[in-house]
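Trainee: Following this message is one structure expressed as structure tokens.
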Amino acid sequence: MNYLIEHYGIKKGDKVSRLKRGVFFIRHYAVYLGTDIQGKHLFAENNLEKGVQIITSDEFFHDSNAIKVESTSKDILQREKSVNFALGKVGKKYDLINYNCEHFANEVTKGTAISTQVSWGIGLTFLVIGGVLVKNFKN
């Protein structure tokens, strides 16, 4: 899967996402860390079971579809700081609402732990609840 790093032009500190297997509208996010001493391409991700962890490109791209790369405009030193920041988060626990994979990737790349997927999900939930309440109120 290392060819995908070159194919997409992924650089250290870039936020990379892919569609989650079986769910066509939810993306899984990670941050590219570069290579280790053995030449393996590594990513940092926030995983439901393990929290923030380091994985290989083979693990990240294992069911690669609809890859999206959000390259940062940071210079080399800023990218290294982002990578070191990501490494410092290893072991932090996953929280679907407050600190999921998108929160983590945005915190590393943009400095703010935010998840648009959670925001959309919460908004959609309130919209559905509001629709049900209005419908019941009319009856």
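Each chain in the structure tokens gets a letter, A, B and so on, in the order shown; residues start at 1 in every chain, and ligands are counted from 1 in the order they appear.
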Near region 43-50 of chain A, counting only C-alpha atoms, which residues have an atom at most 8 Å away, once you skip same-chain residues fewer than 5 positions from it, shown as a list in words?
Mentor: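 Close residues of region 43-50 of chain A: Tyr29, Ala30, Val31, Tyr32, Leu33, Gly34, Ile55, Thr56, Ser57, Phe60, Ala86, Leu87, Val90, Gly91, Lys93, Tyr94, Asp95, Leu96, Asn100, Cys101, Phe104 and Ala105 of chain A.
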Trainee: Just N, CA and C atoms for this one: save the residues we selected as a PDB file, in the first residue's frame.
Mentor:
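Once written, again21.pdb looks like this:
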ATOM      1  N   TYR A  29     -10.206   9.150  10.019  1.00  0.00           N
ATOM      2  CA  TYR A  29      -9.107  10.099   9.855  1.00  0.00           C
ATOM      3  C   TYR A  29      -7.847   9.638  10.557  1.00  0.00           C
ATOM      4  N   ALA A  30      -6.704  10.008   9.980  1.00  0.00           N
ATOM      5  CA  ALA A  30      -5.404   9.745  10.579  1.00  0.00           C
ATOM      6  C   ALA A  30      -4.444  10.835  10.121  1.00  0.00           C
ATOM      7  N   VAL A  31      -3.274  10.863  10.733  1.00  0.00           N
ATOM      8  CA  VAL A  31      -2.225  11.818  10.364  1.00  0.00           C
ATOM      9  C   VAL A  31      -1.001  11.020   9.938  1.00  0.00           C
ATOM     10  N   TYR A  32      -0.449  11.398   8.783  1.00  0.00           N
ATOM     11  CA  TYR A  32       0.737  10.708   8.279  1.00  0.00           C
ATOM     12  C   TYR A  32       1.966  11.188   9.043  1.00  0.00           C
ATOM     13  N   LEU A  33       2.752  10.214   9.551  1.00  0.00           N
ATOM     14  CA  LEU A  33       3.920  10.533  10.379  1.00  0.00           C
ATOM     15  C   LEU A  33       5.244  10.431   9.644  1.00  0.00           C
ATOM     16  N   GLY A  34       5.245   9.820   8.469  1.00  0.00           N
ATOM     17  CA  GLY A  34       6.497   9.583   7.758  1.00  0.00           C
ATOM     18  C   GLY A  34       6.880   8.116   7.861  1.00  0.00           C
ATOM     19  N   ILE A  55      -0.006   3.193  13.537  1.00  0.00           N
ATOM     20  CA  ILE A  55      -0.269   2.043  12.668  1.00  0.00           C
ATOM     21  C   ILE A  55       0.522   2.208  11.374  1.00  0.00           C
ATOM     22  N   THR A  56       0.657   1.131  10.640  1.00  0.00           N
ATOM     23  CA  THR A  56       1.358   1.182   9.354  1.00  0.00           C
ATOM     24  C   THR A  56       0.400   1.622   8.252  1.00  0.00           C
ATOM     25  N   SER A  57       0.968   1.986   7.114  1.00  0.00           N
ATOM     26  CA  SER A  57       0.132   2.367   5.975  1.00  0.00           C
ATOM     27  C   SER A  57      -0.716   1.187   5.518  1.00  0.00           C
ATOM     28  N   PHE A  60      -3.728   1.208   7.726  1.00  0.00           N
ATOM     29  CA  PHE A  60      -4.647   2.317   7.441  1.00  0.00           C
ATOM     30  C   PHE A  60      -5.381   2.115   6.117  1.00  0.00           C
ATOM     31  N   ALA A  86       1.422  14.682  17.623  1.00  0.00           N
ATOM     32  CA  ALA A  86       0.634  13.455  17.441  1.00  0.00           C
ATOM     33  C   ALA A  86       1.229  12.312  18.263  1.00  0.00           C
ATOM     34  N   LEU A  87       2.534  12.175  18.238  1.00  0.00           N
ATOM     35  CA  LEU A  87       3.189  11.111  19.005  1.00  0.00           C
ATOM     36  C   LEU A  87       2.951  11.286  20.502  1.00  0.00           C
ATOM     37  N   VAL A  90      -0.284   9.596  21.851  1.00  0.00           N
ATOM     38  CA  VAL A  90      -0.435   8.141  21.850  1.00  0.00           C
ATOM     39  C   VAL A  90      -0.905   7.682  23.230  1.00  0.00           C
ATOM     40  N   GLY A  91      -1.958   6.885  23.210  1.00  0.00           N
ATOM     41  CA  GLY A  91      -2.536   6.369  24.447  1.00  0.00           C
ATOM     42  C   GLY A  91      -3.761   7.132  24.928  1.00  0.00           C
ATOM     43  N   LYS A  93      -7.383   8.263  25.243  1.00  0.00           N
ATOM     44  CA  LYS A  93      -8.586   7.464  25.000  1.00  0.00           C
ATOM     45  C   LYS A  93      -9.519   8.092  23.959  1.00  0.00           C
ATOM     46  N   TYR A  94     -10.193   7.212  23.245  1.00  0.00           N
ATOM     47  CA  TYR A  94     -11.189   7.566  22.237  1.00  0.00           C
ATOM     48  C   TYR A  94     -12.505   7.926  22.924  1.00  0.00           C
ATOM     49  N   ASP A  95     -13.165   8.946  22.412  1.00  0.00           N
ATOM     50  CA  ASP A  95     -14.502   9.323  22.876  1.00  0.00           C
ATOM     51  C   ASP A  95     -15.280   9.768  21.646  1.00  0.00           C
ATOM     52  N   LEU A  96     -16.333   9.062  21.313  1.00  0.00           N
ATOM     53  CA  LEU A  96     -17.074   9.321  20.079  1.00  0.00           C
ATOM     54  C   LEU A  96     -17.501  10.778  19.938  1.00  0.00           C
ATOM     55  N   ASN A 100     -12.854  11.827  18.897  1.00  0.00           N
ATOM     56  CA  ASN A 100     -12.786  10.695  17.980  1.00  0.00           C
ATOM     57  C   ASN A 100     -11.624  10.899  17.002  1.00  0.00           C
ATOM     58  N   CYS A 101     -11.559  10.091  15.965  1.00  0.00           N
ATOM     59  CA  CYS A 101     -10.448  10.166  15.021  1.00  0.00           C
ATOM     60  C   CYS A 101     -10.378  11.517  14.308  1.00  0.00           C
ATOM     61  N   PHE A 104      -8.995  14.178  16.749  1.00  0.00           N
ATOM     62  CA  PHE A 104      -7.550  13.995  16.865  1.00  0.00           C
ATOM     63  C   PHE A 104      -6.813  14.570  15.664  1.00  0.00           C
ATOM     64  N   ALA A 105      -7.225  14.178  14.454  1.00  0.00           N
ATOM     65  CA  ALA A 105      -6.536  14.631  13.240  1.00  0.00           C
ATOM     66  C   ALA A 105      -6.601  16.154  13.095  1.00  0.00           C
TER      67      ALA A 105
END
Trainee: Name the residues in contact with Val108 (chain A) at a cut-off of 9 Å, using only C-alpha atoms, excluding same-chain residues fewer than 2 positions from it; report them as a list in words.
Mentor: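 After dropping sequence-adjacent residues, the list is Gly13, Lys15, Val31, Ser82, Val83, Phe85, Ala86, His103, Phe104, Ala105, Asn106, Lys110, Gly111, Thr112 and Ala113 of chain A.
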Trainee: As number ranges by chain, please: every residue in region 63-110 of chain A that DSSP puts in strand (DSSP E or B).
Mentor: A: 68-70, 95, 99
Trainee: Put those residues in a file: C-alpha atoms, as a PDB file, in the first residue's frame.
Mentor:
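For reference, selection37.pdb as written:
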ATOM      1  CA  LYS A  68      -8.902  12.102   0.771  1.00  0.00           C
ATOM      2  CA  VAL A  69      -5.743  14.036   1.650  1.00  0.00           C
ATOM      3  CA  GLU A  70      -5.856  17.411   3.339  1.00  0.00           C
ATOM      4  CA  ASP A  95     -14.502   9.323  22.876  1.00  0.00           C
ATOM      5  CA  TYR A  99     -12.395  13.015  20.953  1.00  0.00           C
TER       6      TYR A  99
END
Trainee: Using DSSP on the backbone, list every residue of chain A that comes out as alpha helix (DSSP H), and give them as JSON, numbers by chain.
Mentor: {"A": [2, 3, 4, 5, 6, 7, 57, 58, 59, 60, 76, 77, 78, 79, 80, 81, 82, 83, 84, 85, 86, 87, 88, 101, 102, 103, 104, 105, 106, 107, 108, 109, 110, 116, 117, 118, 119, 120, 121, 122, 123, 124, 125, 126, 127, 128, 129, 130, 131, 132, 133, 134, 135, 136, 137, 138]}
